[in-house]
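A.B. asks: Provided below: target00.cif, containing mmCIF, C-alpha atoms.
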```cif
data_input
loop_
_atom_site.label_atom_id
_atom_site.label_comp_id
_atom_site.auth_asym_id
_atom_site.auth_seq_id
_atom_site.Cartn_x
_atom_site.Cartn_y
_atom_site.Cartn_z
CA MET Q 1 7.66 -8.08 -28.75
CA THR Q 2 7.07 -11.24 -30.74
CA ALA Q 3 4.27 -13.76 -30.40
CA VAL Q 4 6.79 -16.22 -28.91
CA ASP Q 5 7.75 -13.68 -26.22
CA HIS Q 6 4.06 -13.17 -25.38
CA ALA Q 7 3.54 -16.93 -25.16
CA ARG Q 8 6.57 -17.29 -22.86
CA ARG Q 9 5.30 -14.53 -20.59
CA ARG Q 10 1.82 -16.12 -20.41
CA SER Q 11 3.40 -19.51 -19.66
CA PHE Q 12 5.58 -18.00 -16.92
CA ALA Q 13 2.59 -16.14 -15.43
CA ALA Q 14 0.52 -19.34 -15.42
CA THR Q 15 3.36 -21.31 -13.78
CA LEU Q 16 3.80 -18.58 -11.16
CA ALA Q 17 0.05 -18.55 -10.41
CA VAL Q 18 0.03 -22.33 -9.92
CA ALA Q 19 3.10 -22.15 -7.65
CA LEU Q 20 1.54 -19.42 -5.54
CA SER Q 21 -1.71 -21.38 -5.29
CA LEU Q 22 0.17 -24.47 -4.10
CA LEU Q 23 2.13 -22.40 -1.59
CA LEU Q 24 -1.04 -20.86 -0.20
CA ALA Q 25 -2.73 -24.26 -0.10
CA SER Q 26 0.22 -25.67 1.85
CA TRP Q 27 -0.30 -22.94 4.45
CA ALA Q 28 -4.00 -23.73 4.73
CA GLY Q 29 -3.30 -26.26 7.49
CA VAL Q 30 -1.75 -23.55 9.67
CA ALA Q 31 -3.91 -20.60 8.65
CA GLY Q 32 -6.70 -19.55 10.95
CA ALA Q 33 -9.62 -17.46 9.78
CA GLY Q 34 -13.23 -17.04 10.69
CA SER Q 35 -16.00 -17.51 8.25
CA PHE Q 36 -18.69 -14.85 8.12
CA GLN Q 37 -20.88 -13.30 5.50
CA VAL Q 38 -22.60 -9.94 5.23
CA ASN Q 39 -25.91 -9.25 3.52
CA PRO Q 40 -26.77 -7.02 1.70
CA VAL Q 41 -23.47 -6.00 0.14
CA ARG Q 42 -24.64 -2.45 -0.57
CA VAL Q 43 -26.65 0.00 1.53
CA ASP Q 44 -28.83 2.78 0.10
CA LEU Q 45 -30.33 5.45 2.33
CA GLY Q 46 -33.08 7.12 0.35
CA PRO Q 47 -35.01 10.30 1.07
CA GLY Q 48 -36.50 10.13 4.55
CA THR Q 49 -34.39 7.07 5.50
CA THR Q 50 -31.90 7.77 8.27
CA SER Q 51 -30.65 4.25 8.97
CA ALA Q 52 -30.30 0.79 7.51
CA SER Q 53 -29.17 -2.62 8.70
CA VAL Q 54 -27.03 -5.47 7.45
CA VAL Q 55 -26.93 -9.03 8.72
CA VAL Q 56 -23.58 -10.57 9.66
CA ARG Q 57 -23.76 -14.37 9.83
CA ASN Q 58 -21.11 -16.68 11.26
CA ASP Q 59 -20.76 -19.76 9.03
CA GLY Q 60 -17.72 -21.05 10.87
CA ALA Q 61 -17.35 -23.65 13.60
CA ASP Q 62 -16.01 -21.18 16.18
CA PRO Q 63 -17.31 -17.89 17.58
CA VAL Q 64 -16.15 -14.86 15.60
CA VAL Q 65 -15.63 -11.35 16.96
CA VAL Q 66 -16.35 -8.60 14.43
CA GLN Q 67 -15.83 -4.87 14.59
CA ALA Q 68 -17.94 -2.52 12.46
CA SER Q 69 -17.04 1.06 11.56
CA ALA Q 70 -17.85 3.64 8.90
CA MET Q 71 -15.65 5.98 6.87
CA ARG Q 72 -16.58 8.86 4.56
CA TRP Q 73 -15.71 7.86 0.98
CA THR Q 74 -14.87 10.31 -1.80
CA GLN Q 75 -12.75 10.29 -4.92
CA ARG Q 76 -10.18 12.91 -5.89
CA GLU Q 77 -8.60 12.67 -9.33
CA GLY Q 78 -9.72 9.05 -9.64
CA VAL Q 79 -8.29 7.94 -6.27
CA ASP Q 80 -10.44 6.69 -3.38
CA VAL Q 81 -10.12 8.87 -0.27
CA TYR Q 82 -11.34 7.66 3.14
CA GLU Q 83 -11.83 10.01 6.09
CA ALA Q 84 -13.23 9.74 9.59
CA ALA Q 85 -17.02 10.05 9.65
CA PRO Q 86 -18.12 11.19 13.12
CA GLU Q 87 -21.62 11.73 11.71
CA ALA Q 88 -21.98 8.00 10.99
CA ILE Q 89 -23.17 5.75 13.80
CA VAL Q 90 -22.63 1.98 13.70
CA VAL Q 91 -24.37 -0.20 16.30
CA PRO Q 92 -23.03 -2.45 17.71
CA PRO Q 93 -19.43 -1.48 17.02
CA ILE Q 94 -18.16 -4.85 18.30
CA ALA Q 95 -20.02 -8.15 18.51
CA THR Q 96 -19.27 -11.79 19.20
CA ILE Q 97 -21.26 -14.07 16.91
CA GLU Q 98 -21.63 -17.72 17.84
CA PRO Q 99 -21.37 -20.46 15.16
CA GLY Q 100 -24.49 -20.54 13.00
CA ALA Q 101 -25.81 -17.32 14.56
CA MET Q 102 -26.30 -13.87 13.08
CA GLN Q 103 -25.96 -10.28 14.26
CA ILE Q 104 -27.80 -7.27 12.89
CA VAL Q 105 -25.52 -4.25 12.45
CA ARG Q 106 -27.18 -0.86 11.94
CA ILE Q 107 -25.70 2.22 10.30
CA GLY Q 108 -27.23 5.67 10.65
CA LEU Q 109 -26.32 9.31 10.18
CA ARG Q 110 -26.44 12.18 12.65
CA ARG Q 111 -26.92 14.64 9.82
CA ALA Q 112 -29.46 15.39 7.16
CA PRO Q 113 -28.76 14.33 3.58
CA ASP Q 114 -26.94 16.86 1.44
CA PRO Q 115 -29.55 18.88 -0.46
CA THR Q 116 -27.78 18.67 -3.83
CA ARG Q 117 -25.40 15.71 -3.99
CA GLU Q 118 -25.21 12.08 -2.98
CA LEU Q 119 -23.00 11.21 0.01
CA ALA Q 120 -20.92 8.04 0.06
CA TYR Q 121 -19.53 6.02 2.95
CA ARG Q 122 -17.95 2.62 3.47
CA LEU Q 123 -19.23 0.32 6.19
CA TYR Q 124 -16.40 -1.96 7.26
CA VAL Q 125 -17.04 -5.26 9.01
CA GLN Q 126 -13.76 -6.70 10.19
CA GLU Q 127 -12.90 -9.88 12.03
CA LEU Q 128 -10.85 -9.48 15.19
CA PRO Q 129 -8.69 -12.61 15.32
CA PRO Q 130 -8.60 -14.53 18.60
CA PRO Q 131 -5.36 -14.62 20.58
CA SER Q 132 -2.94 -17.23 19.30
CA ALA Q 133 -2.71 -20.45 21.27
CA PRO Q 134 0.57 -21.04 23.10
CA GLY Q 135 3.13 -22.51 20.71
CA PHE Q 136 1.14 -21.49 17.61
CA SER Q 137 3.46 -20.86 14.66
CA GLY Q 138 1.24 -20.21 11.70
CA LEU Q 139 -0.60 -17.54 9.85
CA GLN Q 140 -3.79 -15.95 11.14
CA VAL Q 141 -5.99 -14.32 8.53
CA ALA Q 142 -8.62 -11.74 9.44
CA LEU Q 143 -11.42 -11.00 6.99
CA ARG Q 144 -12.41 -7.36 6.31
CA ILE Q 145 -15.41 -6.50 4.17
CA GLY Q 146 -16.12 -2.95 2.95
CA LEU Q 147 -19.69 -2.24 1.85
CA PRO Q 148 -20.64 0.94 -0.03
CA VAL Q 149 -23.25 3.12 1.65
CA PHE Q 150 -24.97 5.75 -0.50
CA VAL Q 151 -27.09 8.55 0.94
CA ALA Q 152 -29.43 10.12 -1.62
CA PRO Q 153 -29.68 13.93 -1.66
CA SER Q 154 -32.94 15.56 -0.65
CA THR Q 155 -33.46 16.71 -4.27
CA PRO Q 156 -33.60 14.32 -7.25
CA ALA Q 157 -30.21 12.91 -8.18
CA SER Q 158 -28.80 11.21 -11.23
CA ALA Q 159 -25.54 10.29 -12.86
CA ARG Q 160 -24.41 12.33 -15.89
CA ILE Q 161 -21.61 10.59 -17.75
CA GLU Q 162 -19.23 12.50 -20.03
CA TRP Q 163 -17.18 10.33 -22.40
CA SER Q 164 -13.94 11.25 -24.15
CA ALA Q 165 -11.47 9.36 -26.34
CA GLN Q 166 -7.82 10.16 -27.02
CA ARG Q 167 -5.04 8.44 -28.91
CA ASP Q 168 -1.72 8.04 -27.11
CA GLY Q 169 1.75 8.08 -28.70
CA GLU Q 170 1.50 4.38 -29.64
CA ALA Q 171 -1.81 4.74 -31.52
CA ARG Q 172 -3.76 3.17 -28.66
CA LEU Q 173 -7.15 4.56 -27.78
CA ARG Q 174 -7.75 5.81 -24.24
CA LEU Q 175 -11.43 5.98 -23.33
CA THR Q 176 -12.44 8.04 -20.27
CA ALA Q 177 -15.79 8.32 -18.52
CA ARG Q 178 -16.43 11.09 -15.96
CA ASN Q 179 -19.54 11.38 -13.86
CA LEU Q 180 -20.58 15.02 -13.72
CA GLY Q 181 -23.88 14.24 -12.03
CA ASN Q 182 -24.81 14.28 -8.38
CA ALA Q 183 -25.19 10.49 -7.87
CA HIS Q 184 -23.08 7.42 -8.52
#
```
Would you put the structure from the file into structure tokens?
C.D. replies:
Amino acid sequence: MTAVDHARRRSFAATLAVALSLLLASWAGVAGAGSFQVNPVRVDLGPGTTSASVVVRNDGADPVVVQASAMRWTQREGVDVYEAAPEAIVVPPIATIEPGAMQIVRIGLRRAPDPTRELAYRLYVQELPPPSAPGFSGLQVALRIGLPVFVAPSTPASARIEWSAQRDGEARLRLTARNLGNAH
């Protein structure tokens, strides 16, 4: 591929990005979405810690209903895998937050930490959109935030990274990092 072809592709991609931005902006008048934030954006449960809390704050002008849930989070062959986590407790699971107000959401485990490896979960805080008004013909957008939750093992944990490099058929270098440790 020539430099001219690369330049044309970049120009087309830039034009497409601008067009999509304008299209999305034109929908902004008919799109409904709440405005909330979650802090902190990562939860660590250390040795002896069985629960933690996050603050969900409604920055919008209308009440927002949020639902919180937890999923077990693992990786298999580089792909994220999410499974039900009955051992994880999230309180409250559903809350209505008034404009300018905040809600504390707690996550805890009904199990002891693994003795040898770190456990990982995702805490999801998701907006439940209000019912559409009669005659509404627009787009409703519901925000969903997934926060990582790490549970330290009862023994010391650390990451142990193994690096490898391979050349592919086109003389490009493929660099791979694998964590062989017991923590992220």
A.B. asks: Which residues, named as in the file, does the PyMOL selection byres ((chain Q and resi 38-47) around 10) pick out? Answer as a PyMOL selection string.
C.D. replies: chain Q and resi 36-37+48-58+102-105+107-109+112-113+118-123+125+145-156
A.B. asks: Between Q:Ala165, Q:Leu143, Q:Val79, Q:Ala68, which residue has the minimum interatomic distance to Arg106 in chain Q, considering only C-alpha atoms?
C.D. replies: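 Closest residue, counting only C-alpha atoms: Q:Ala68.
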A.B. asks: Between CA of Ala157 in chain Q and CA of Asn179 in chain Q, measure the distance and give it in Å to one decimal.
C.D. replies: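 According to the coordinates, CA of Ala157 in chain Q and CA of Asn179 in chain Q are separated by 12.2 Å.
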A.B. asks: Applying the PyMOL selection byres ((chain Q and resi 83-96) around 7) to the file I just gave you, which residues come out? Please list them as a list in words.
C.D. replies: Pro63, Val64, Val65, Val66, Gln67, Ala68, Ser69, Ala70, Met71, Arg72, Trp73, Val81, Tyr82, Ile97, Glu98, Val105, Arg106, Ile107, Gly108, Leu109, Arg110 and Arg111 of chain Q
A.B. asks: If the PyMOL selection byres ((chain Q and resi 175) around 12) is run on the structure shown, which residues does it catch, given as an MDAnalysis selection string?
C.D. replies: chainID Q and resid 162:168 172:174 176:178
A.B. asks: Quote the spacing between CA of Arg160 in chain Q and CA of Tyr124 in chain Q in Å to one decimal place.
C.D. replies: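 So the two atoms, CA of Arg160 in chain Q and CA of Tyr124 in chain Q, lie 28.4 Å apart.
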A.B. asks: Could you tell me how far CA of Gln126 in chain Q lies from CA of Ser35 in chain Q, in Å and to one decimal?
C.D. replies: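 Between these atoms lies a distance of 11.2 Å.
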A.B. asks: May I ask you to restore all heavy atoms in range 100-111 of chain Q and write the result as a short mmCIF file (atom, residue, chain, number, x, y, z; two decimals), in the coordinates of the input?
C.D. replies:
```cif
data_model
loop_
_atom_site.label_atom_id
_atom_site.label_comp_id
_atom_site.auth_asym_id
_atom_site.auth_seq_id
_atom_site.Cartn_x
_atom_site.Cartn_y
_atom_site.Cartn_z
N GLY Q 100 -23.13 -20.40 13.51
CA GLY Q 100 -24.49 -20.54 13.00
C GLY Q 100 -25.42 -19.40 13.35
O GLY Q 100 -26.57 -19.38 12.91
N ALA Q 101 -24.96 -18.44 14.13
CA ALA Q 101 -25.81 -17.32 14.56
C ALA Q 101 -25.60 -16.12 13.65
O ALA Q 101 -24.71 -16.09 12.80
CB ALA Q 101 -25.51 -16.96 16.01
N MET Q 102 -26.43 -15.10 13.85
CA MET Q 102 -26.30 -13.87 13.08
C MET Q 102 -26.43 -12.66 14.00
O MET Q 102 -26.99 -12.75 15.09
CB MET Q 102 -27.31 -13.83 11.95
CG MET Q 102 -28.76 -13.76 12.38
SD MET Q 102 -29.86 -13.70 10.99
CE MET Q 102 -30.19 -15.42 10.77
N GLN Q 103 -25.91 -11.54 13.53
CA GLN Q 103 -25.96 -10.28 14.26
C GLN Q 103 -26.42 -9.20 13.29
O GLN Q 103 -25.89 -9.09 12.19
CB GLN Q 103 -24.57 -9.93 14.81
CG GLN Q 103 -24.46 -8.56 15.43
CD GLN Q 103 -25.20 -8.46 16.74
OE1 GLN Q 103 -25.04 -9.28 17.62
NE2 GLN Q 103 -26.05 -7.44 16.87
N ILE Q 104 -27.39 -8.41 13.70
CA ILE Q 104 -27.80 -7.27 12.89
C ILE Q 104 -26.92 -6.08 13.27
O ILE Q 104 -26.75 -5.77 14.45
CB ILE Q 104 -29.29 -6.93 13.12
CG1 ILE Q 104 -30.15 -8.09 12.61
CG2 ILE Q 104 -29.66 -5.61 12.45
CD1 ILE Q 104 -31.63 -7.92 12.88
N VAL Q 105 -26.34 -5.44 12.26
CA VAL Q 105 -25.52 -4.25 12.45
C VAL Q 105 -26.25 -3.10 11.76
O VAL Q 105 -26.63 -3.21 10.59
CB VAL Q 105 -24.11 -4.43 11.86
CG1 VAL Q 105 -23.31 -3.14 11.96
CG2 VAL Q 105 -23.38 -5.57 12.55
N ARG Q 106 -26.47 -2.02 12.49
CA ARG Q 106 -27.18 -0.86 11.94
C ARG Q 106 -26.21 0.28 11.69
O ARG Q 106 -25.28 0.49 12.46
CB ARG Q 106 -28.27 -0.43 12.91
CG ARG Q 106 -29.39 -1.42 13.02
CD ARG Q 106 -30.45 -0.97 14.04
NE ARG Q 106 -31.54 -1.94 14.10
CZ ARG Q 106 -31.50 -3.06 14.79
NH1 ARG Q 106 -30.43 -3.38 15.48
NH2 ARG Q 106 -32.53 -3.88 14.79
N ILE Q 107 -26.46 1.01 10.61
CA ILE Q 107 -25.70 2.22 10.30
C ILE Q 107 -26.70 3.36 10.14
O ILE Q 107 -27.74 3.19 9.51
CB ILE Q 107 -24.80 2.08 9.06
CG1 ILE Q 107 -24.03 3.37 8.83
CG2 ILE Q 107 -25.58 1.64 7.84
CD1 ILE Q 107 -22.88 3.28 7.85
N GLY Q 108 -26.38 4.49 10.75
CA GLY Q 108 -27.23 5.67 10.65
C GLY Q 108 -26.38 6.92 10.61
O GLY Q 108 -25.18 6.88 10.87
N LEU Q 109 -27.02 8.02 10.27
CA LEU Q 109 -26.32 9.31 10.18
C LEU Q 109 -26.90 10.30 11.17
O LEU Q 109 -28.12 10.36 11.35
CB LEU Q 109 -26.40 9.88 8.77
CG LEU Q 109 -25.72 9.08 7.68
CD1 LEU Q 109 -25.91 9.76 6.33
CD2 LEU Q 109 -24.24 8.92 7.97
N ARG Q 110 -26.02 11.09 11.76
CA ARG Q 110 -26.44 12.18 12.65
C ARG Q 110 -26.50 13.49 11.88
O ARG Q 110 -26.24 14.54 12.44
CB ARG Q 110 -25.44 12.34 13.79
CG ARG Q 110 -25.47 11.22 14.77
CD ARG Q 110 -24.58 11.58 15.93
NE ARG Q 110 -23.28 10.97 15.72
CZ ARG Q 110 -22.41 10.76 16.67
NH1 ARG Q 110 -22.65 11.14 17.88
NH2 ARG Q 110 -21.27 10.18 16.40
N ARG Q 111 -26.81 13.43 10.65
CA ARG Q 111 -26.92 14.64 9.82
C ARG Q 111 -27.99 14.40 8.77
O ARG Q 111 -28.32 13.27 8.43
CB ARG Q 111 -25.60 14.99 9.16
CG ARG Q 111 -25.11 13.95 8.16
CD ARG Q 111 -24.09 14.46 7.20
NE ARG Q 111 -24.69 15.38 6.25
CZ ARG Q 111 -24.03 16.02 5.32
NH1 ARG Q 111 -22.74 15.87 5.21
NH2 ARG Q 111 -24.63 16.84 4.49
#
```
